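Here the structure comes first, spelled out in structure tokens, and everything after it is commentary.
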Amino acid sequence: MRKETALIQVENVTKRFGQRVALDSLNFTVDKGEILGFLGPNGAGKSTTMNIITGYLSATNGTVKVDGHEILEEPEAVKKQIGYMPEQPPLYLDMTVADYLSFVCDIKGVPRQQKRENIDRALSMIALTDVRGRLIKNLSKGYKQRVGVAQALIGTPPVLILDEPTIGLDPQQIIETRNLIRELGKEHTIILSSHILPEVAAVCTRVLIINKGRIVVSDTPDNLSKGMVGDNKLTLRVAGAEKQALDALRAVAHVVKAQSLGSREPGTVDVMVEAKREHDIRKPVFYAMSKADLPILSMRAMDVSLEDIFLNLTTEEKEVSST
Amino acid sequence: MIAIFKRELRAYFTSPIGFVFMGFFLLVAGIFFAWGNILQGNPTYSGLLDSLTFVFMLIVPVLTMRLFSEEMRHKTDQLLITSPLPITGIVAGKYLAAAAVFFLTLAVTFSYPILMSFFTFFGLAGWEIVCGYLGFFLMGSCFISVGLFFSAITDNQLIAAVITLAALLVMWIVDWVSQNVPTDALSGLIFLCIAGAGLILLVFFSTRSIPATAVFGAAVGAALALTFIFSRGSFEGIITKILSWFSLVKRFYAFSAGILSLSSIVYYLSFAGIFVFLTVRLIEKRRWA
């Protein structure tokens, strides 16, 4: 079942640069139609993985298959299916945008009669039409980045691999790029890398966190946040004495733990309450505190963001490996 | 390959490099022509190409230094290598573009003998001239293949240019060196032993397998020993012979004297072919680094 839909299969891929192990037997598959987010600190091996899938580098060990074709055995079949935007967009600075895209059409073997259509489509999707006649070297960084994305779209390859597509863009452009990626995700299978977490959470259907050449976790963004929270936590600010508040909270059904976080406002105390995940304790807590005459001034769920997960996982790894 | 060729050819003339190369070459050729032929009223033309050889050698690096270095510097090699083009096609496209610029430049100088032919009473040595041009083009193509190779070694254009120049100069002086080396059999043996050791090291570093190297080393050693014992004479003058294989210029002089030899043509073509092939291997190998 899984085999049939997996478009990209990465099996036991290891890459060594001299003595340094950049990737340590990486295993994952990407299904058709997925938008996979590659997350990891700098130097984790994101770009190396992408370079191996696209055939720019070869793995020391292991195989990569795209649509059943092995990159080393049938490089052309694989490369035809992939549009790649490397970390640094591969631009010829002395060409105009239109000439450059026309050159990309030629090297990707786009038939002559479809060339124009391909270029126009890429230009309009990335909103580059008004700079098509300008020399690439005179474009701003954001535009250069977009020309890099446009280049990957030429030939409408089924797989798009984008290495940090939003780096160096302003907030407006980042939002545009995200929308673009979502739009592209309808027709293409996408792998994108980033170290900006909200971006990944916003567009990806699955997140792969890698650190030091290993996959730390692979899941949907939602599941990741849930799995991380483990239990259901609330923080409260209560007007009243610490001991009374804790006693009242501990009396509430399903509460596993109540703990003081100290006082930040005179006459109040901040408390953290933990319960089993399946129970929503917000209402019982409210009634219990009201009964005990301890007004709740604020209550919020402790949300775990991808940032926390990310830091947690990547630092945990560090601790494990150092012991 | 055609796409690469077209882009590369255009890049020569959207940057100053193509103009610098053509301009300098034609300036020097023009001066030589004016001095050597017009002002002296000298109808022998083939000497001009001979004297241009050295000047040309000096500016070949200008033509070739950016071919791959620039791609690597701007990371555009990622675009080429991840495209469906085979690496051989990429390298061949670039090589042919550089050769085409050289051909165009050389073609312009062909107007000199045509011009002269209107003013000579005794007729020009037409065959020598055509032959000389063919030889010059073949020799230049070899120079360019050397430059292509060294530009794939580094992402720094200046370094690529300097190494290319050094390599070409070595090939230039090898001709003189080969005249003045010892010719007795023992020196020949010593020279071949050193060369053999180099080959063995090369085998070791490319296979990283000790048994394979040992077998190869034993074969080389046995071949040398047997030849030395049974046909000592064949070691005499061998250093000169081997060194002159690398002399690109010497064969050209035969061309400009009007001697068209098939072996020289094959030699030049295979020399250029080997360097283009080595460039392809170098780029393929880099993926495994």
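Labels used: A, B, ... for chains in the order of the structure tokens, numbers from 1 for residues in each chain, and numbers from 1 for ligands as shown.
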Using only C-alpha atoms, select each residue of chain B with any atom at most 9 Å away from an atom of chain A, and give the selection as a count of residues only.
-> 26
Write down as number ranges by chain the residues of segment 11-204 of chain A whose backbone DSSP state falls under alpha helix (DSSP H).
-> A: 46-53, 75-80, 97-107, 112-125, 141-153, 171-184, 197-203
Measure the distance from atom CA of Ala201 of chain A to atom CA of Val159 of chain A in Å and round it to one decimal.
->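 Separation of atom CA of Ala201 of chain A and atom CA of Val159 of chain A: 20.1 Å.
Taking atom CA of Ala150 of chain A and atom CA of Gly185 of chain A as endpoints, the distance between them is 14.8 Å.
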Near segment 129-144 of chain A, counting only C-alpha atoms, which residues have an atom at most 6 Å away, once you skip same-chain residues fewer than 5 positions from it, shown as a compact mmCIF listing (two decimals) with C-alpha atoms, in the first residue's frame?
```txt
# COMPACT_ATOMS: atom_id res chain seq x y z
CA LEU A 93 23.87 37.16 -13.38
CA MET A 95 21.37 37.14 -18.36
CA THR A 96 17.90 38.64 -18.32
CA VAL A 97 15.18 36.78 -16.46
CA ALA A 98 13.47 35.69 -19.68
CA LEU A 123 6.69 34.13 -14.56
CA SER A 124 3.05 34.74 -13.73
CA LEU A 169 12.60 37.61 1.88
```
Test item, strand (DSSP E) assignment across segment 76-133 of chain A, answer as a ChimeraX atom specification | /A:82-85
Residues within 12 Å of Phe5 of chain B, only C-alpha atoms, excluding chain neighbours under 6 positions, as a list in words =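 In the requested form, the answer reads Phe103, Asp106 and Ile107 of chain A; Ala11, Tyr12, Leu67, Gly89, Ile90, Val91, Ala92, Gly93, Lys94, Tyr95, Leu96, Ala97, Ala98, Ala99, Ala100 and Val101 of chain B.
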Could those residues be written to a file, using N, CA and C atoms, as an mmCIF file, in the first residue's frame?
```cif
data_model
loop_
_atom_site.group_PDB
_atom_site.id
_atom_site.type_symbol
_atom_site.label_atom_id
_atom_site.label_comp_id
_atom_site.auth_asym_id
_atom_site.auth_seq_id
_atom_site.Cartn_x
_atom_site.Cartn_y
_atom_site.Cartn_z
ATOM 1 N N PHE A 103 16.936 29.478 -21.232
ATOM 2 C CA PHE A 103 18.077 28.559 -21.148
ATOM 3 C C PHE A 103 17.722 27.339 -20.296
ATOM 4 N N ASP A 106 15.814 24.943 -22.220
ATOM 5 C CA ASP A 106 16.652 24.179 -23.138
ATOM 6 C C ASP A 106 17.357 23.037 -22.421
ATOM 7 N N ILE A 107 17.952 23.316 -21.267
ATOM 8 C CA ILE A 107 18.698 22.232 -20.622
ATOM 9 C C ILE A 107 17.771 21.190 -20.019
ATOM 10 N N ALA B 11 27.929 34.185 -23.543
ATOM 11 C CA ALA B 11 28.554 34.722 -22.338
ATOM 12 C C ALA B 11 29.922 35.333 -22.665
ATOM 13 N N TYR B 12 30.602 34.766 -23.676
ATOM 14 C CA TYR B 12 31.904 35.326 -24.047
ATOM 15 C C TYR B 12 31.760 36.772 -24.511
ATOM 16 N N LEU B 67 35.396 28.927 -17.594
ATOM 17 C CA LEU B 67 34.464 27.894 -18.057
ATOM 18 C C LEU B 67 33.758 27.172 -16.915
ATOM 19 N N GLY B 89 27.813 16.035 -22.060
ATOM 20 C CA GLY B 89 27.214 17.072 -22.897
ATOM 21 C C GLY B 89 27.564 18.459 -22.389
ATOM 22 N N ILE B 90 27.554 18.631 -21.071
ATOM 23 C CA ILE B 90 27.867 19.932 -20.484
ATOM 24 C C ILE B 90 29.310 20.309 -20.816
ATOM 25 N N VAL B 91 30.223 19.351 -20.574
ATOM 26 C CA VAL B 91 31.641 19.632 -20.793
ATOM 27 C C VAL B 91 31.902 19.889 -22.282
ATOM 28 N N ALA B 92 31.301 19.041 -23.133
ATOM 29 C CA ALA B 92 31.529 19.195 -24.567
ATOM 30 C C ALA B 92 30.994 20.538 -25.051
ATOM 31 N N GLY B 93 29.822 20.933 -24.565
ATOM 32 C CA GLY B 93 29.249 22.215 -24.967
ATOM 33 C C GLY B 93 30.177 23.361 -24.646
ATOM 34 N N LYS B 94 30.731 23.333 -23.440
ATOM 35 C CA LYS B 94 31.616 24.408 -23.022
ATOM 36 C C LYS B 94 32.906 24.408 -23.825
ATOM 37 N N TYR B 95 33.440 23.214 -24.035
ATOM 38 C CA TYR B 95 34.687 23.102 -24.784
ATOM 39 C C TYR B 95 34.510 23.636 -26.202
ATOM 40 N N LEU B 96 33.405 23.220 -26.828
ATOM 41 C CA LEU B 96 33.178 23.643 -28.209
ATOM 42 C C LEU B 96 32.961 25.157 -28.296
ATOM 43 N N ALA B 97 32.336 25.733 -27.272
ATOM 44 C CA ALA B 97 32.129 27.181 -27.297
ATOM 45 C C ALA B 97 33.468 27.908 -27.273
ATOM 46 N N ALA B 98 34.375 27.451 -26.393
ATOM 47 C CA ALA B 98 35.690 28.091 -26.327
ATOM 48 C C ALA B 98 36.436 27.881 -27.637
ATOM 49 N N ALA B 99 36.330 26.664 -28.180
ATOM 50 C CA ALA B 99 37.006 26.385 -29.441
ATOM 51 C C ALA B 99 36.421 27.246 -30.557
ATOM 52 N N ALA B 100 35.107 27.502 -30.488
ATOM 53 C CA ALA B 100 34.471 28.304 -31.533
ATOM 54 C C ALA B 100 34.969 29.742 -31.502
ATOM 55 N N VAL B 101 35.132 30.300 -30.294
ATOM 56 C CA VAL B 101 35.646 31.670 -30.200
ATOM 57 C C VAL B 101 37.051 31.723 -30.798
#
```
Could you name the residues that touch segment 257-273 of chain B at 7 Å or less, counting only C-alpha atoms, but leaving out those on the same chain fewer than 2 positions away, as a PyMOL selection string?
-> chain B and resi 127-128+131-132+138-139+141-142+145+251+253-255+275-277
Could you please determine the separation between atom CA of Ala239 of chain A and atom CA of Val269 of chain A in Å, to one decimal place?
->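 About the pair atom CA of Ala239 of chain A and atom CA of Val269 of chain A: they are 6.5 Å apart.
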Excluding same-chain residues fewer than 5 positions from Leu234 of chain A, what lies within 8 Å of it counting only C-alpha atoms, as a PyMOL selection string?
-> chain A and resi 272-274+299-302
Write a file of the just-selected residues containing C-alpha atoms, as a tab-separated table (two decimals), in the first residue's frame.
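Written file, part28.tsv:
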```tsv
chain	number	residue	atom	x	y	z
A	272	MET	CA	0.33	25.35	36.84
A	273	VAL	CA	-2.23	22.56	36.73
A	274	GLU	CA	-1.77	19.32	34.90
A	299	MET	CA	-6.31	31.08	32.57
A	300	ARG	CA	-4.54	29.78	29.52
A	301	ALA	CA	-3.63	26.48	28.04
A	302	MET	CA	0.08	25.83	27.86
```
Residue contacts of Pro221 of chain A (8 Å, only C-alpha atoms) excluding same-chain residues fewer than 5 positions away, as a PyMOL selection string = chain A and resi 201+204-207+306
For the residues in that selection, give me C-alpha atoms as a PDB file, in the first residue's frame.
```pdb
ATOM      1  CA  ALA A 201       3.857  24.408  10.414  1.00  0.00           C
ATOM      2  CA  CYS A 204       3.613  21.334   5.324  1.00  0.00           C
ATOM      3  CA  THR A 205       1.536  18.203   5.596  1.00  0.00           C
ATOM      4  CA  ARG A 206       4.394  16.405   7.292  1.00  0.00           C
ATOM      5  CA  VAL A 207       7.470  17.508   9.160  1.00  0.00           C
ATOM      6  CA  LEU A 306       7.024  23.815  17.121  1.00  0.00           C
TER       7      LEU A 306
END
```
